[in-house]
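**Q** Below are the structure tokens for one structure; questions will follow.
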Amino acid sequence: MNNISRRNFIKKIFLVIAATLSMSYLLFRSRESFRSLFSSSSLSASLSASGNAKKKGFPQGTEAMYYTLMERNRIRCELCYRNCTITSGRRGFCRNRENRGGKLYNVVYGKPSAVQIDPIEKEPQHHMLPGTKMICIGTAGCNFRCRHCHNWHLSQRSIEEIGRYDNYTPHDIVRSALNRNIPTISFTYNEPTVFYEYCLDIAKQAKKEGLNILWHSNGYIKPAPLEEFLQYTDAVTVDLKGFSKKAYDNSDAELEPVLESLKIIKNSGIWLEIVNLVIPTINDSMQEISEMCKWIKDNLSQEVPLHLSRFFPSYKLTHLSPTPINTLERAYNIAQNAGLHYITLGNVPGHEYNSTFCPKCNTILIRRIHFNVTKNNIVNGSCGSCGNNIPGIWQ
């Protein structure tokens with residue numbers, strides 16, 4: 001083994017060890033935070049009691065927004081680009097929106113299947129309150145069918161198939177965040193669009209209490225509901241699945257509506273960050289990544305952070321290998337050459353590019369090991385070394 005290959009070998013061993021230790025630590029912290037969220041206050045007892053009482057009848061939900069009644073009590077849902085036509089007694093593609101005699105109901109309203117305290121870096125959001133916590137809310141269902149989904153046990157099932165949910169009103173969620181001094185509520189795990197009404201009501205109450213609203217979306221939401229939601233939003237993380245038909249075929253969706261949503265979010269002034277999960281054979285073409293980065297710079301801004309994340313085998317793509325680290329590094333260099341200012345590599349704990357660098361002086365602005373912030377050199381929204389303005393939400 002020559003010196004170069006030995007160094008590469010040692011580097012890879014270090015990254016694997018760092019990933020294992022970090023993920024183990026976060027799993028422990030996640031379990032502890034979940035216990036603390038629901039075990040130490042009167043909120044837990046009251047919600048558990050009401051939840052058990054309501055589960056026997058299964059979801060009732062609330063009337064949905066953004067739909068049109070058609071002939072013979074059929075409904076056209078106008079929330080996302082699926083444009084589902086739903087006959088009476090049936091549900092749309094997302095499994096959550098049900099036609100009941102000519103009225104559309106969202107059956108997961110107030111019934112999250114996942115509630116968790118996480119670091120904001122996990123979303124990921126790298127330019128929003130580094131090192132703080134967020135309460136994360138997820139339900140069942142999705143309007144995508146991603147073959148690589150890591151949260152498939154939530155997103156690719158109906159609430160009946162999951163068989164578990166809690167009953168939490170928007171007031172309960174907001175009060176829980178306030179009681180624990182957690183500054184941000186995030187809608188994540190599955191696509192927020194499919195529990196839109198619940199998200200919107202939580203967001204409206206949260207903003208009255210001075211809390212931040214963040215959501216992680218695939219961007220497949222129509223302009224009108226998107227623009228309404230953005231009125232109560234501080235930041236959005238959008239999964240850009242790739243920049244080709246092949247990439248979006250893997251999710252049973254289309255690229256163009258997502259690009260339209262990205263432009264609407266950016267033009268609204270809401271803080272935007274983009275995640276691109278680099279999947280071998282699906283969207284890892286360097287030409288495709290180059291075209292994606294050029295589009296981001298030309299249509300959004302060179303200051304929109306781009307997270308290039310490592311894929312690990314999951315759901316229906318377990319036959320693929322994890323993304324090679326050198327593939328991510330090549331993608332990073334392409335994004336830099338395209339002129340993007342803030343690029344990070346995700347799911348590679350210990351890698352130097354997991355940190356954020358100042359585009360002017362190249363010093364580390366925020367040093368991270370996976371989701372843990374070990375250094376923050378942002379001072380009053382500027383680089384602590386050279387004074388360059390750094391966009392984001394810092395306080």
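Each chain of the structure tokens is named A, B, ... in the order shown, its residues numbered from 1; ligands are numbered from 1 in display order.
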Enumerate the residues of region 163-250 of chain A with a DSSP assignment of strand (DSSP E or B), computed from the backbone, and present them as a list of chain:residue names.

**A**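 So, restricting region 163-250 of chain A to strand (DSSP E or B), we get A:Thr184, A:Ile185, A:Ser186, A:Phe187, A:Asn212, A:Ile213, A:Leu214, A:Trp215, A:His216, A:Ser217, A:Ile221, A:Ala235, A:Val236, A:Thr237, A:Val238, A:Asp239.
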
**Q** Residues near region 158-167 of chain A, anyone? I mean within 6 Å using only C-alpha atoms, not counting same-chain ones fewer than 3 positions away, as a list in words.

**A**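 Returned residues: Gly51, Arg95, Gly110, Lys111, Pro112, Ser113, Ala140 and Gly141 of chain A.
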
**Q** So which residues touch Ser251 (chain A) within 12 Å, counting only C-alpha atoms, skipping near sequence neighbours fewer than 2 positions away, as number ranges by chain?

**A** A: 142-149, 156, 218, 220, 239-242, 244-249, 253-255, 282-283, 316-317

**Q** Which residues are close to His341 (chain A), i.e. within 8 Å by only C-alpha atoms, leaving aside same-chain residues fewer than 6 positions away? Reply as a list in words.

**A** Gln302, Glu303, Val304, Pro305, Cys358 and Pro359 of chain A

**Q** Next, dump the selected residues to file, keeping only C-alpha atoms, as a compact mmCIF listing (two decimals), in the first residue's frame.

**A**
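Output (result-v1.txt):
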# COMPACT_ATOMS: atom_id res chain seq x y z
CA GLN A 302 -25.40 32.33 -5.41
CA GLU A 303 -26.05 32.81 -1.69
CA VAL A 304 -28.71 30.07 -1.40
CA PRO A 305 -26.99 27.31 0.60
CA CYS A 358 -16.70 32.44 4.35
CA PRO A 359 -16.78 33.04 0.57

**Q** I'd like the neighbourhood of Ile393 (chain A) as a PyMOL selection string, where a residue qualifies if any of its atoms comes within 8 Å (using only C-alpha atoms), though same-chain residues fewer than 2 positions away should be ignored.

**A** chain A and resi 127-129+271+391+395

**Q** Create the file for the chosen residues now, containing C-alpha atoms and written as a CSV table (one decimal), in the first residue's frame.

**A**
chain,number,residue,atom,x,y,z
A,127,HIS,CA,-27.9,29.5,8.2
A,128,MET,CA,-30.7,29.6,10.8
A,129,LEU,CA,-30.0,29.8,14.5
A,271,TRP,CA,-34.9,32.1,3.9
A,391,PRO,CA,-27.1,36.0,4.9
A,395,GLN,CA,-31.0,35.7,16.1

**Q** From a DSSP calculation on the backbone, collect every residue of region 258-353 of chain A in alpha helix (DSSP H) and output the set as a ChimeraX atom specification.

**A** /A:258-268,286-299,325-337

**Q** List the spatial neighbours of Thr363 (chain A) as a VMD selection string - criterion: any atom at most 10 Å away, only C-alpha atoms, same-chain residues fewer than 2 positions off excluded.

**A** chain A and resid 356 to 361 365 to 366 377 383 to 386

**Q** Write the residues of the preceding selection, restricted to N, CA and C atoms, as a PDB file, in the first residue's frame.

**A**
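This went into again.pdb:
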ATOM      1  N   THR A 356     -19.250  25.320   7.221  1.00  0.00           N
ATOM      2  CA  THR A 356     -19.534  26.448   6.335  1.00  0.00           C
ATOM      3  C   THR A 356     -18.349  27.405   6.332  1.00  0.00           C
ATOM      4  N   PHE A 357     -17.921  27.836   5.139  1.00  0.00           N
ATOM      5  CA  PHE A 357     -16.761  28.718   4.981  1.00  0.00           C
ATOM      6  C   PHE A 357     -17.191  30.085   4.472  1.00  0.00           C
ATOM      7  N   CYS A 358     -16.455  31.095   4.852  1.00  0.00           N
ATOM      8  CA  CYS A 358     -16.704  32.444   4.353  1.00  0.00           C
ATOM      9  C   CYS A 358     -16.279  32.512   2.887  1.00  0.00           C
ATOM     10  N   PRO A 359     -17.143  32.981   1.994  1.00  0.00           N
ATOM     11  CA  PRO A 359     -16.782  33.041   0.571  1.00  0.00           C
ATOM     12  C   PRO A 359     -15.741  34.120   0.262  1.00  0.00           C
ATOM     13  N   LYS A 360     -15.509  35.029   1.206  1.00  0.00           N
ATOM     14  CA  LYS A 360     -14.553  36.113   0.967  1.00  0.00           C
ATOM     15  C   LYS A 360     -13.151  35.768   1.463  1.00  0.00           C
ATOM     16  N   CYS A 361     -13.037  35.306   2.721  1.00  0.00           N
ATOM     17  CA  CYS A 361     -11.711  35.040   3.288  1.00  0.00           C
ATOM     18  C   CYS A 361     -11.424  33.554   3.483  1.00  0.00           C
ATOM     19  N   LEU A 365     -16.719  29.602   9.079  1.00  0.00           N
ATOM     20  CA  LEU A 365     -17.771  30.366   9.750  1.00  0.00           C
ATOM     21  C   LEU A 365     -18.439  29.533  10.830  1.00  0.00           C
ATOM     22  N   ILE A 366     -18.835  28.337  10.467  1.00  0.00           N
ATOM     23  CA  ILE A 366     -19.483  27.415  11.408  1.00  0.00           C
ATOM     24  C   ILE A 366     -18.850  26.040  11.215  1.00  0.00           C
ATOM     25  N   ASN A 377     -18.458  31.336  14.149  1.00  0.00           N
ATOM     26  CA  ASN A 377     -17.700  32.560  13.943  1.00  0.00           C
ATOM     27  C   ASN A 377     -18.545  33.641  13.260  1.00  0.00           C
ATOM     28  N   CYS A 383     -19.022  37.662   9.015  1.00  0.00           N
ATOM     29  CA  CYS A 383     -17.860  36.833   9.294  1.00  0.00           C
ATOM     30  C   CYS A 383     -17.036  37.484  10.401  1.00  0.00           C
ATOM     31  N   GLY A 384     -16.734  36.714  11.447  1.00  0.00           N
ATOM     32  CA  GLY A 384     -15.959  37.247  12.552  1.00  0.00           C
ATOM     33  C   GLY A 384     -14.519  37.534  12.198  1.00  0.00           C
ATOM     34  N   SER A 385     -14.058  37.060  11.045  1.00  0.00           N
ATOM     35  CA  SER A 385     -12.669  37.274  10.644  1.00  0.00           C
ATOM     36  C   SER A 385     -12.500  38.466   9.715  1.00  0.00           C
ATOM     37  N   CYS A 386     -13.385  38.588   8.703  1.00  0.00           N
ATOM     38  CA  CYS A 386     -13.195  39.661   7.711  1.00  0.00           C
ATOM     39  C   CYS A 386     -14.346  40.648   7.650  1.00  0.00           C
TER      40      CYS A 386
END

**Q** Would you compute the distance between CA of Lys294 (chain A) and CA of Leu328 (chain A)? Give it in Å to one decimal.

**A**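 Value for the CA of Lys294 (chain A)-CA of Leu328 (chain A) distance: 17.1 Å.
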
**Q** Work out how far CA of Thr169 (chain A) is from CA of Gly102 (chain A), in Å to one decimal.

**A**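 Distance reported for this atom pair: 25.6 Å.
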
**Q** For Thr188 (chain A), work out the shell of residues within 8 Å, counting only C-alpha atoms and skipping chain neighbours fewer than 2 positions away, then give it as a list in words.

**A**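 Final neighbour list, sorted by chain and number: Glu123, Cys136, Ile137, Gly138, Ser186, Asn190, Glu191, Pro192, Trp215, His216 and Ser217 of chain A.
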
**Q** Could you please take those selected residues and save N, CA and C atoms as a tab-separated table (two decimals), in the first residue's frame?

**A**
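Result saved to selection21.tsv:
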chain	number	residue	atom	x	y	z
A	123	GLU	N	-32.16	19.38	9.83
A	123	GLU	CA	-33.23	19.59	8.86
A	123	GLU	C	-32.83	19.37	7.39
A	136	CYS	N	-39.99	18.96	15.93
A	136	CYS	CA	-40.30	18.47	14.59
A	136	CYS	C	-41.62	17.69	14.61
A	137	ILE	N	-42.46	17.96	13.63
A	137	ILE	CA	-43.77	17.34	13.52
A	137	ILE	C	-43.88	16.62	12.18
A	138	GLY	N	-44.33	15.38	12.20
A	138	GLY	CA	-44.59	14.64	10.98
A	138	GLY	C	-45.85	13.81	11.13
A	186	SER	N	-40.71	22.82	13.36
A	186	SER	CA	-40.44	22.39	11.99
A	186	SER	C	-41.41	21.30	11.57
A	190	ASN	N	-42.33	13.66	6.85
A	190	ASN	CA	-43.06	13.43	5.61
A	190	ASN	C	-43.41	14.80	5.03
A	191	GLU	N	-43.97	14.84	3.86
A	191	GLU	CA	-44.19	16.11	3.16
A	191	GLU	C	-45.23	16.98	3.87
A	192	PRO	N	-44.87	18.19	4.31
A	192	PRO	CA	-45.83	19.07	4.99
A	192	PRO	C	-47.06	19.41	4.17
A	215	TRP	N	-40.02	24.57	7.52
A	215	TRP	CA	-40.54	23.31	6.99
A	215	TRP	C	-39.64	22.77	5.88
A	216	HIS	N	-39.65	21.44	5.80
A	216	HIS	CA	-38.80	20.71	4.86
A	216	HIS	C	-39.73	20.08	3.83
A	217	SER	N	-39.60	20.52	2.58
A	217	SER	CA	-40.61	20.19	1.56
A	217	SER	C	-39.97	19.66	0.28

**Q** Please measure the separation of CA of Leu211 (chain A) and CA of Phe229 (chain A), giving the value in Å to one decimal.

**A** 15.1 Å

**Q** Hey, which of A:Asp172, A:Glu352, A:Asp234, A:Glu78 ends up closest to Thr193 (chain A)? Count only C-alpha atoms.

**A**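 Of the candidates, the smallest distance to Thr193 (chain A) is held by A:Glu78.
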
**Q** With distances taken over only C-alpha atoms, which residue among A:Pro124, A:Pro119, A:Gly269, A:Gly89 lies nearest Leu345 (chain A)?

**A**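 Looking at the shortest contact to Leu345 (chain A), the residue is A:Pro124.
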
**Q** Of the candidates A:Gly346, A:Gly61, A:Pro322, A:Pro130, which shows the shortest atom-to-atom distance to Arg97 (chain A), using only C-alpha atoms?

**A** A:Gly61
